[in-house]
$ cat coords_3.cif   # mmCIF, C-alpha atoms
data_start
loop_
_atom_site.label_atom_id
_atom_site.label_comp_id
_atom_site.auth_asym_id
_atom_site.auth_seq_id
_atom_site.Cartn_x
_atom_site.Cartn_y
_atom_site.Cartn_z
CA MET A 1 -12.45 15.68 -6.67
CA TYR A 2 -15.99 15.13 -7.96
CA GLU A 3 -15.97 18.25 -10.08
CA SER A 4 -13.22 20.14 -11.82
CA ALA A 5 -12.25 23.64 -10.76
CA ASN A 6 -10.98 25.15 -13.96
CA GLU A 7 -10.21 28.60 -12.59
CA GLY A 8 -8.66 27.42 -9.35
CA LEU A 9 -9.80 26.13 -6.00
CA LYS A 10 -10.23 27.95 -2.69
CA ILE A 11 -10.07 25.78 0.42
CA ASN A 12 -11.22 27.14 3.77
CA VAL A 13 -10.00 25.29 6.87
CA LEU A 14 -12.01 26.49 9.85
CA TYR A 15 -12.11 25.68 13.55
CA GLY A 16 -14.75 27.38 15.66
CA GLY A 17 -15.55 29.60 12.72
CA GLU A 18 -11.97 30.90 12.48
CA HIS A 19 -9.42 30.18 9.77
CA VAL A 20 -6.65 27.74 10.75
CA ALA A 21 -2.97 28.34 9.90
CA LEU A 22 -2.68 29.90 6.41
CA SER A 23 -6.33 29.27 5.46
CA PRO A 24 -7.82 30.08 3.00
CA TYR A 25 -5.58 28.09 0.65
CA ILE A 26 -5.72 28.96 -3.05
CA LEU A 27 -4.83 26.26 -5.58
CA LYS A 28 -4.31 27.81 -8.99
CA GLY A 29 -6.40 26.14 -11.65
CA PRO A 30 -7.17 23.87 -13.10
CA VAL A 31 -7.85 21.17 -10.50
CA TYR A 32 -9.41 18.19 -12.24
CA HIS A 33 -12.15 15.74 -11.37
CA GLU A 34 -10.67 12.30 -10.52
CA TYR A 35 -11.99 10.83 -13.78
CA CYS A 36 -10.72 13.60 -16.04
CA ALA A 37 -8.13 12.19 -18.42
CA CYS A 38 -5.92 15.28 -18.56
CA PRO A 39 -2.38 13.96 -18.03
CA GLU A 40 0.48 16.34 -17.37
CA GLU A 41 2.95 16.01 -20.25
CA ASP A 42 5.96 17.10 -18.20
CA ALA A 43 6.52 14.22 -15.78
CA GLN A 44 9.27 16.09 -13.94
CA ALA A 45 6.99 19.06 -13.34
CA TRP A 46 4.23 16.73 -12.12
CA GLN A 47 6.59 15.07 -9.65
CA LYS A 48 7.78 18.46 -8.45
CA VAL A 49 4.23 19.67 -7.81
CA LEU A 50 3.54 16.50 -5.80
CA SER A 51 6.81 16.96 -3.85
CA CYS A 52 7.81 13.41 -4.77
CA PRO A 53 10.91 12.22 -2.89
CA THR A 54 14.10 12.28 -4.94
CA LYS A 55 15.03 8.85 -3.58
CA GLU A 56 13.04 5.76 -2.64
CA PRO A 57 15.40 3.28 -0.94
CA GLN A 58 13.11 0.28 -1.41
CA ILE A 59 12.82 0.92 -5.15
CA ALA A 60 16.60 1.22 -5.48
CA LYS A 61 17.03 -2.02 -3.56
CA ASP A 62 14.41 -3.86 -5.62
CA PHE A 63 15.97 -2.91 -8.95
CA SER A 64 19.54 -3.55 -7.82
CA SER A 65 19.05 -7.21 -8.85
CA PHE A 66 18.29 -6.16 -12.44
CA PRO A 67 21.00 -4.26 -14.35
CA SER A 68 18.77 -4.67 -17.40
CA ILE A 69 15.36 -6.13 -18.22
CA ASN A 70 15.13 -8.18 -21.42
CA LEU A 71 11.52 -7.99 -22.57
CA GLN A 72 11.87 -10.94 -24.95
CA GLN A 73 13.31 -13.12 -22.17
CA MET A 74 10.40 -12.11 -19.93
CA LEU A 75 7.92 -12.99 -22.69
CA ASN A 76 9.50 -16.40 -23.20
CA GLU A 77 9.88 -17.28 -19.55
CA ILE A 78 7.20 -15.79 -17.29
CA PRO A 79 4.08 -17.35 -18.87
CA LYS A 80 5.74 -20.79 -18.65
CA ARG A 81 6.93 -20.37 -15.06
CA PHE A 82 3.99 -18.57 -13.51
CA GLY A 83 1.07 -18.56 -15.95
CA ASP A 84 -0.38 -22.02 -15.36
CA GLU A 85 -3.89 -22.70 -14.07
CA ARG A 86 -2.80 -21.89 -10.51
CA GLY A 87 -1.27 -18.60 -11.59
CA ALA A 88 -2.30 -15.06 -10.74
CA ILE A 89 -0.27 -13.00 -13.19
CA VAL A 90 -1.31 -10.10 -15.39
CA HIS A 91 0.88 -9.03 -18.31
CA TYR A 92 0.68 -5.27 -18.95
CA THR A 93 1.92 -3.00 -21.69
CA ILE A 94 1.62 0.78 -21.43
CA LEU A 95 1.98 2.41 -24.84
CA ASN A 96 1.20 6.05 -25.66
CA ASN A 97 -0.38 6.35 -22.21
CA HIS A 98 -2.90 3.61 -23.01
CA ILE A 99 -2.98 0.47 -20.88
CA TYR A 100 -3.24 -3.03 -22.33
CA ARG A 101 -3.30 -6.35 -20.50
CA ARG A 102 -3.77 -10.08 -20.70
CA ALA A 103 -4.40 -12.43 -17.80
CA LEU A 104 -2.06 -15.38 -17.28
CA GLY A 105 -3.52 -17.97 -14.95
CA LYS A 106 -6.81 -18.77 -13.32
CA TYR A 107 -6.86 -16.43 -10.31
CA THR A 108 -6.70 -12.96 -11.83
CA ASP A 109 -9.83 -11.26 -10.50
CA PHE A 110 -7.70 -8.84 -8.48
CA LYS A 111 -6.59 -7.22 -11.73
CA MET A 112 -9.28 -4.65 -10.99
CA PHE A 113 -6.95 -3.22 -8.35
CA SER A 114 -3.86 -3.05 -10.55
CA ASP A 115 -6.02 -1.62 -13.35
CA GLU A 116 -7.41 1.19 -11.21
CA ILE A 117 -4.09 2.62 -10.01
CA LEU A 118 -2.58 2.45 -13.52
CA LEU A 119 -5.64 4.15 -15.03
CA SER A 120 -5.65 6.81 -12.32
CA LEU A 121 -1.96 7.53 -12.90
CA ALA A 122 -2.48 7.71 -16.66
CA ARG A 123 -5.18 10.36 -16.15
CA LYS A 124 -2.72 12.52 -14.23
CA VAL A 125 0.64 12.18 -15.98
CA LEU A 126 2.03 10.73 -19.19
CA LEU A 127 3.40 7.30 -18.30
CA PRO A 128 6.51 5.84 -19.89
CA ASP A 129 6.14 3.11 -22.51
CA VAL A 130 6.77 -0.02 -20.48
CA GLU A 131 5.95 -3.74 -20.45
CA PHE A 132 5.76 -5.67 -17.16
CA TYR A 133 4.10 -8.45 -15.18
CA VAL A 134 2.09 -8.03 -11.98
CA ASN A 135 1.62 -10.81 -9.43
CA LEU A 136 -1.90 -10.65 -7.98
CA GLY A 137 -1.28 -13.38 -5.41
CA ASP A 138 -0.26 -13.07 -1.77
CA TRP A 139 3.22 -14.53 -1.93
CA PRO A 140 6.20 -13.02 -3.78
CA LEU A 141 7.21 -15.30 -6.67
CA GLU A 142 10.80 -14.81 -7.79
CA HIS A 143 13.18 -16.77 -5.57
CA ARG A 144 16.16 -17.11 -7.92
CA LYS A 145 19.41 -15.62 -6.69
CA VAL A 146 21.23 -12.92 -8.63
CA ASN A 147 24.23 -15.19 -9.26
CA GLU A 148 22.11 -18.06 -10.59
CA SER A 149 21.83 -18.89 -14.26
CA PRO A 150 19.29 -18.07 -15.47
CA GLY A 151 18.93 -15.16 -13.07
CA PRO A 152 15.82 -13.63 -11.52
CA VAL A 153 13.12 -11.80 -13.46
CA PRO A 154 11.42 -8.63 -12.12
CA ILE A 155 7.91 -9.67 -11.20
CA ILE A 156 5.95 -6.79 -9.64
CA SER A 157 4.18 -7.78 -6.41
CA TRP A 158 2.39 -6.16 -3.49
CA CYS A 159 4.42 -7.97 -0.84
CA GLY A 160 8.14 -8.69 -0.66
CA SER A 161 10.20 -11.13 1.36
CA LEU A 162 13.81 -11.52 2.41
CA ASP A 163 14.29 -14.56 0.17
CA SER A 164 12.62 -13.19 -3.01
CA ARG A 165 13.52 -10.66 -5.71
CA ASP A 166 10.10 -9.23 -6.56
CA VAL A 167 9.72 -5.50 -7.21
CA ILE A 168 7.22 -4.07 -4.71
CA LEU A 169 4.34 -1.68 -5.27
CA PRO A 170 2.05 -0.25 -2.58
CA THR A 171 -0.51 -2.94 -1.78
CA TYR A 172 -3.85 -3.10 -3.54
CA ASP A 173 -5.44 -2.50 -0.15
CA ILE A 174 -3.94 0.91 0.56
CA THR A 175 -4.10 2.13 -3.05
CA HIS A 176 -7.77 1.12 -3.32
CA SER A 177 -8.57 2.76 0.01
CA THR A 178 -6.90 5.93 -1.26
CA LEU A 179 -8.70 5.97 -4.60
CA GLU A 180 -12.08 5.22 -3.03
CA ALA A 181 -11.72 7.18 0.22
CA MET A 182 -14.40 9.75 -0.66
CA ARG A 183 -17.08 7.23 -1.53
CA GLY A 184 -16.04 4.00 0.18
CA VAL A 185 -17.66 2.47 3.24
CA THR A 186 -14.61 0.50 4.41
CA ASN A 187 -11.58 1.77 6.28
CA ASP A 188 -9.27 4.15 4.50
CA LEU A 189 -5.96 5.71 5.43
CA LEU A 190 -7.45 9.13 6.15
CA SER A 191 -10.55 8.14 8.15
CA ILE A 192 -8.36 6.15 10.57
CA GLN A 193 -6.57 9.35 11.54
CA GLY A 194 -9.79 10.94 12.74
CA ASN A 195 -11.01 7.90 14.67
CA THR A 196 -8.21 6.90 17.01
CA GLY A 197 -10.35 6.30 20.06
CA PRO A 198 -9.89 7.74 23.55
CA SER A 199 -6.87 9.79 24.54
CA TRP A 200 -3.76 7.82 25.53
CA SER A 201 -4.44 8.05 29.26
CA ASN A 202 -7.99 6.74 28.81
CA LYS A 203 -7.17 3.72 26.67
CA THR A 204 -7.37 0.20 28.12
CA GLU A 205 -3.89 -0.95 29.15
CA LYS A 206 -3.94 -4.23 27.26
CA ALA A 207 -2.54 -5.56 24.00
CA PHE A 208 -5.27 -6.25 21.47
CA PHE A 209 -5.75 -8.48 18.43
CA ARG A 210 -8.64 -9.60 16.25
CA GLY A 211 -8.29 -11.43 12.96
CA ARG A 212 -8.62 -14.61 10.92
CA ASP A 213 -6.70 -17.83 11.60
CA SER A 214 -4.32 -17.29 8.68
CA ARG A 215 -1.17 -18.11 10.66
CA GLU A 216 -0.48 -20.46 13.55
CA GLU A 217 1.00 -17.69 15.69
CA ARG A 218 -2.44 -16.10 15.71
CA LEU A 219 -3.76 -19.20 17.46
CA GLN A 220 -0.89 -18.89 19.93
CA LEU A 221 -2.01 -15.32 20.59
CA VAL A 222 -5.44 -16.56 21.67
CA ARG A 223 -3.89 -19.15 24.00
CA LEU A 224 -1.72 -16.46 25.57
CA SER A 225 -4.80 -14.27 25.94
CA LYS A 226 -6.72 -16.98 27.79
CA GLU A 227 -3.78 -17.47 30.15
CA ASN A 228 -3.04 -13.75 30.63
CA PRO A 229 -6.30 -11.81 30.23
CA GLN A 230 -4.92 -8.92 32.28
CA LEU A 231 -2.29 -8.25 29.56
CA LEU A 232 -3.80 -9.42 26.29
CA ASP A 233 -7.20 -9.53 24.59
CA ALA A 234 -6.89 -11.66 21.43
CA GLY A 235 -9.53 -13.50 19.43
CA ILE A 236 -10.02 -15.24 16.08
CA THR A 237 -12.98 -13.89 14.13
CA GLY A 238 -13.06 -16.48 11.35
CA TYR A 239 -11.69 -19.99 10.86
CA PHE A 240 -10.51 -21.26 7.49
CA PHE A 241 -7.00 -22.71 7.85
CA PHE A 242 -7.42 -24.31 11.29
CA GLN A 243 -11.13 -25.08 11.50
CA GLU A 244 -10.50 -27.91 13.95
CA LYS A 245 -9.25 -25.36 16.52
CA GLU A 246 -12.49 -23.37 16.73
CA GLU A 247 -13.97 -25.51 19.49
CA GLU A 248 -10.82 -25.22 21.59
CA LEU A 249 -10.15 -21.50 21.08
CA GLY A 250 -13.62 -20.11 20.44
CA LYS A 251 -14.71 -17.53 17.91
CA ALA A 252 -14.63 -13.83 18.73
CA LYS A 253 -17.27 -11.38 17.54
CA LEU A 254 -16.35 -8.97 14.80
CA MET A 255 -15.45 -5.47 15.97
CA GLY A 256 -15.33 -2.17 14.13
CA PHE A 257 -11.72 -1.28 13.35
CA PHE A 258 -11.96 2.09 15.08
CA ASP A 259 -12.76 0.24 18.31
CA PHE A 260 -9.32 -1.37 18.21
CA PHE A 261 -7.90 1.97 19.33
CA LYS A 262 -9.67 1.77 22.66
CA TYR A 263 -6.62 -0.31 23.59
CA LYS A 264 -3.14 1.10 24.18
CA TYR A 265 -1.23 -1.70 22.46
CA GLN A 266 -1.92 -3.33 19.08
CA VAL A 267 -0.39 -6.69 18.17
CA ASN A 268 0.53 -7.03 14.50
CA VAL A 269 1.04 -10.64 13.43
CA ASP A 270 1.49 -11.83 9.84
CA GLY A 271 -1.38 -13.37 7.95
CA THR A 272 -0.50 -15.50 4.94
CA VAL A 273 2.17 -12.86 4.25
CA ALA A 274 2.62 -9.38 5.75
CA ALA A 275 -0.54 -8.28 7.56
CA TYR A 276 -2.01 -5.55 5.38
CA ARG A 277 -3.63 -3.99 8.46
CA PHE A 278 -0.19 -2.79 9.61
CA PRO A 279 -0.38 0.66 7.92
CA TYR A 280 -3.81 1.23 9.48
CA LEU A 281 -2.54 0.27 12.93
CA MET A 282 0.43 2.60 12.53
CA LEU A 283 -1.88 5.50 11.66
CA GLY A 284 -3.76 5.13 14.94
CA ASP A 285 -2.36 6.43 18.22
CA SER A 286 -1.81 3.09 19.95
CA LEU A 287 1.59 1.45 20.33
CA VAL A 288 2.14 -1.23 17.69
CA LEU A 289 3.87 -4.45 18.75
CA LYS A 290 5.11 -5.91 15.46
CA GLN A 291 6.07 -9.53 14.93
CA ASP A 292 9.49 -10.10 13.35
CA SER A 293 8.79 -11.14 9.77
CA PRO A 294 10.51 -11.99 6.49
CA TYR A 295 7.65 -10.22 4.69
CA TYR A 296 7.34 -6.49 4.04
CA GLU A 297 5.34 -3.81 2.26
CA HIS A 298 6.83 -0.97 0.27
CA PHE A 299 7.28 1.47 3.19
CA TYR A 300 8.78 -0.77 5.89
CA THR A 301 12.37 0.27 5.13
CA ALA A 302 11.57 3.74 6.49
CA LEU A 303 10.54 2.33 9.89
CA THR A 304 12.90 1.58 12.79
CA PRO A 305 12.20 -0.82 15.68
CA TRP A 306 11.97 0.90 19.08
CA LYS A 307 11.53 4.24 17.32
CA HIS A 308 8.31 3.64 15.37
CA TYR A 309 7.10 0.35 16.88
CA VAL A 310 8.12 -2.29 19.40
CA PRO A 311 9.44 -5.53 17.84
CA ILE A 312 8.38 -8.97 19.12
CA LYS A 313 9.92 -12.30 18.25
CA ARG A 314 8.56 -14.46 15.47
CA ASN A 315 7.32 -17.11 17.93
CA LEU A 316 5.80 -14.42 20.22
CA SER A 317 7.84 -15.72 23.17
CA ASP A 318 8.60 -12.17 24.37
CA LEU A 319 5.17 -10.63 23.71
CA LEU A 320 4.00 -10.57 27.33
CA GLU A 321 7.38 -9.22 28.42
CA LYS A 322 7.05 -6.36 25.89
CA VAL A 323 3.51 -5.56 27.06
CA LYS A 324 4.76 -5.39 30.65
CA TRP A 325 7.60 -3.13 29.51
CA ALA A 326 5.13 -0.79 27.83
CA LYS A 327 2.96 -0.61 30.94
CA GLU A 328 6.00 0.15 33.12
CA ASN A 329 7.40 2.74 30.67
CA ASP A 330 4.25 4.59 29.72
CA GLU A 331 5.86 7.81 28.51
CA GLU A 332 8.37 6.00 26.32
CA ALA A 333 5.60 3.80 24.90
CA LYS A 334 3.51 6.88 24.15
CA LYS A 335 6.49 8.53 22.44
CA ILE A 336 7.10 5.51 20.19
CA ALA A 337 3.39 5.35 19.30
CA LYS A 338 3.35 9.03 18.33
CA GLU A 339 6.58 8.82 16.33
CA GLY A 340 5.23 5.81 14.43
CA GLN A 341 1.95 7.55 13.74
CA LEU A 342 3.59 10.72 12.41
CA THR A 343 5.97 8.79 10.18
CA ALA A 344 3.17 6.64 8.78
CA ARG A 345 1.11 9.77 8.10
CA GLU A 346 3.97 11.15 6.04
CA LEU A 347 4.74 7.93 4.16
CA LEU A 348 1.15 6.99 3.34
CA GLN A 349 -0.27 10.28 2.09
CA PRO A 350 -2.10 9.85 -1.22
CA HIS A 351 0.48 11.75 -3.23
CA ARG A 352 3.27 9.54 -1.88
CA LEU A 353 1.51 6.44 -3.20
CA TYR A 354 1.18 8.02 -6.64
CA CYS A 355 4.83 9.10 -6.55
CA TYR A 356 5.99 5.63 -5.56
CA SER A 357 3.97 3.81 -8.23
CA TYR A 358 5.11 6.22 -10.93
CA ARG A 359 8.76 5.84 -9.87
CA VAL A 360 8.56 2.05 -10.16
CA LEU A 361 7.26 2.35 -13.73
CA GLN A 362 9.89 4.96 -14.52
CA GLU A 363 12.77 2.84 -13.21
CA TYR A 364 11.43 -0.25 -14.94
CA ALA A 365 11.18 1.55 -18.29
CA ALA A 366 14.73 2.86 -17.98
CA LEU A 367 16.10 -0.68 -17.58
CA GLN A 368 14.12 -2.48 -20.27
CA SER A 369 15.81 -3.62 -23.47
CA GLY A 370 13.55 -4.07 -26.44
CA LYS A 371 10.42 -2.11 -27.23
CA PRO A 372 7.18 -2.65 -25.33
CA LYS A 373 4.55 -4.16 -27.60
CA ILE A 374 0.87 -4.99 -27.55
CA ARG A 375 1.14 -8.78 -27.40
CA ASP A 376 -1.26 -11.40 -28.70
CA GLY A 377 -4.22 -11.75 -26.38
CA MET A 378 -3.92 -8.28 -24.88
CA GLU A 379 -6.94 -6.02 -24.59
CA ARG A 380 -7.04 -2.33 -23.93
CA VAL A 381 -8.16 -1.32 -20.45
CA PRO A 382 -10.47 1.65 -21.06
CA GLN A 383 -10.69 4.74 -18.97
CA PRO A 384 -14.11 5.33 -17.36
CA ASP A 385 -16.73 6.29 -19.95
CA ASP A 386 -17.00 9.82 -18.60
CA SER A 387 -13.26 10.51 -18.45
CA THR A 388 -13.37 13.01 -21.30
CA SER A 389 -17.04 13.96 -21.50
CA ILE A 390 -17.25 15.51 -18.03
CA CYS A 391 -14.27 17.79 -18.30
CA GLN A 392 -12.24 19.90 -20.62
CA CYS A 393 -8.46 19.77 -20.33
CA PHE A 394 -7.02 23.24 -19.85
CA ARG A 395 -3.42 23.91 -20.76
CA LYS A 396 -1.42 26.92 -19.63
CA LYS A 397 -1.57 29.53 -22.38
CA PRO A 398 1.82 30.90 -23.46
CA ALA A 399 2.64 34.49 -22.55
CA ARG A 400 2.44 37.00 -25.43
CA GLU A 401 6.24 37.20 -25.73
CA ASP A 402 6.33 33.41 -26.23
CA LEU A 403 3.95 33.50 -29.21
#

$ encode --input "coords_3.cif" --output "structure tokens"
Amino acid sequence: MYESANEGLKINVLYGGEHVALSPYILKGPVYHEYCACPEEDAQAWQKVLSCPTKEPQIAKDFSSFPSINLQQMLNEIPKRFGDERGAIVHYTILNNHIYRRALGKYTDFKMFSDEILLSLARKVLLPDVEFYVNLGDWPLEHRKVNESPGPVPIISWCGSLDSRDVILPTYDITHSTLEAMRGVTNDLLSIQGNTGPSWSNKTEKAFFRGRDSREERLQLVRLSKENPQLLDAGITGYFFFQEKEEELGKAKLMGFFDFFKYKYQVNVDGTVAAYRFPYLMLGDSLVLKQDSPYYEHFYTALTPWKHYVPIKRNLSDLLEKVKWAKENDEEAKKIAKEGQLTARELLQPHRLYCYSYRVLQEYAALQSGKPKIRDGMERVPQPDDSTSICQCFRKKPAREDL
């Protein structure tokens, strides 16, 4: 919201001048501007209003490696292990709903993304007092096993892997696209849903890929495309890792993301880690062919191969076979594409991302031993300058019998 609606909000949803479904919808006030710092004091009530899930399997799995979290141990160990000049770690403390941080390492510019979701949450609900470390890099960091001594520490990351113990948050990409959807010029999770290209029957019956050269299998995709242009259209749009291959494979022109959905089948291949385009591909209405991968984002556990997407082997050896299968089984392919799209739409709604991030902080706080503190070198991360000046926080007035 760009303005607060203190007395409530009326939303008309019209098609052809007629109200749709139960329109008009009345939201009882107040509904706050995004930058209003008016946090709900009752976290349970806030979660109920947002219809937050009672269980998040990935969160339960992530914290299963940590029966307790010793804050002093974390303070002694993490800066030494991960905070060198190559590091990309930010140490956060949330105290009295204020956010404090210090950067550990040289590559911490992406702290703007972790800052913005924490600040946005703090404007909406009182956060628990908690002290934690966020990995801003691509790769998950904690590879110690649970039975090792010393054991693993709960680093918070945006990407997980089968051989790591990091605690996963929704990626900076999808949280930023959610927070900036109304004023951004890049893709966001909602705009994709309204720009899914031609209807299924009018899409080009080929698998499609465009992307950087961030993994060797992407180069293999281009070779397969050159050999099988009737099944696959794949191109590298920028060379960084394998610059010597540009002359052999050529460089494809950049395409608008919405144009991807002119094709029936989308190939999702890892980049340096999980390809962060995957949620956007799932929200379209093409069939996603997903490479087997040790990497995952926070919502992958809710997806099932052959129900929400078609799996392909890590080395892509069965890709062409799967494309042929999709062409020969058009109705089944269409069904999988639709099921994947609907599930992604449910999992990636803005409120679900808020719910998930809050639940991670909540679970973390419940396991920590020791009190969170503002450590040496920490600075407070301020709310936007206008967070209190542009709005007045309204609280429900007690009924007369409660006075």

$ resolve_selection --input "coords_3.cif" --expression "the PyMOL selection byres ((chain A and resi 83) around 12)" --output "VMD selection string"
chain A and resid 75 to 82 84 to 91 102 to 108 133 to 137 141

$ resolve_selection --input "coords_3.cif" --expression "the PyMOL selection byres ((chain A and resi 351) around 12)" --output "PyMOL selection string"
chain A and resi 46-53+121+124+175+178-179+345-350+352-358

$ residues_around --input "coords_3.cif" --residues "Asn315 (chain A)" --least-positions-apart "6" --cutoff "10 Å" --atoms "only C-alpha atoms" --output "list in words"
Glu216, Glu217, Gln220, Leu221, Gln291 and Asp292 of chain A

$ write_last_selection --input "coords_3.cif" --atoms "C-alpha atoms" --output "JSON list (two decimals), in the coordinates of the input"
[["chain", "number", "residue", "atom", "x", "y", "z"],
["A", 216, "GLU", "CA", -0.48, -20.46, 13.55],
["A", 217, "GLU", "CA", 1.00, -17.69, 15.69],
["A", 220, "GLN", "CA", -0.89, -18.89, 19.93],
["A", 221, "LEU", "CA", -2.01, -15.32, 20.59],
["A", 291, "GLN", "CA", 6.07, -9.53, 14.93],
["A", 292, "ASP", "CA", 9.49, -10.10, 13.35]]

$ closest_residue --input "coords_3.cif" --among "A:Phe113, A:Phe209, A:Phe394, A:Phe132" --to "Tyr263 (chain A)" --atoms "all atoms listed in the file"
A:Phe209

$ atom_distance --input "coords_3.cif" --atom1 "CA of Gly197 (chain A)" --atom2 "CA of Lys251 (chain A)"
24.3 Å

$ closest_residue --input "coords_3.cif" --among "A:Glu116, A:Asp270, A:Asp233, A:Asp385" --to "Arg215 (chain A)" --atoms "all atoms listed in the file"
A:Asp270
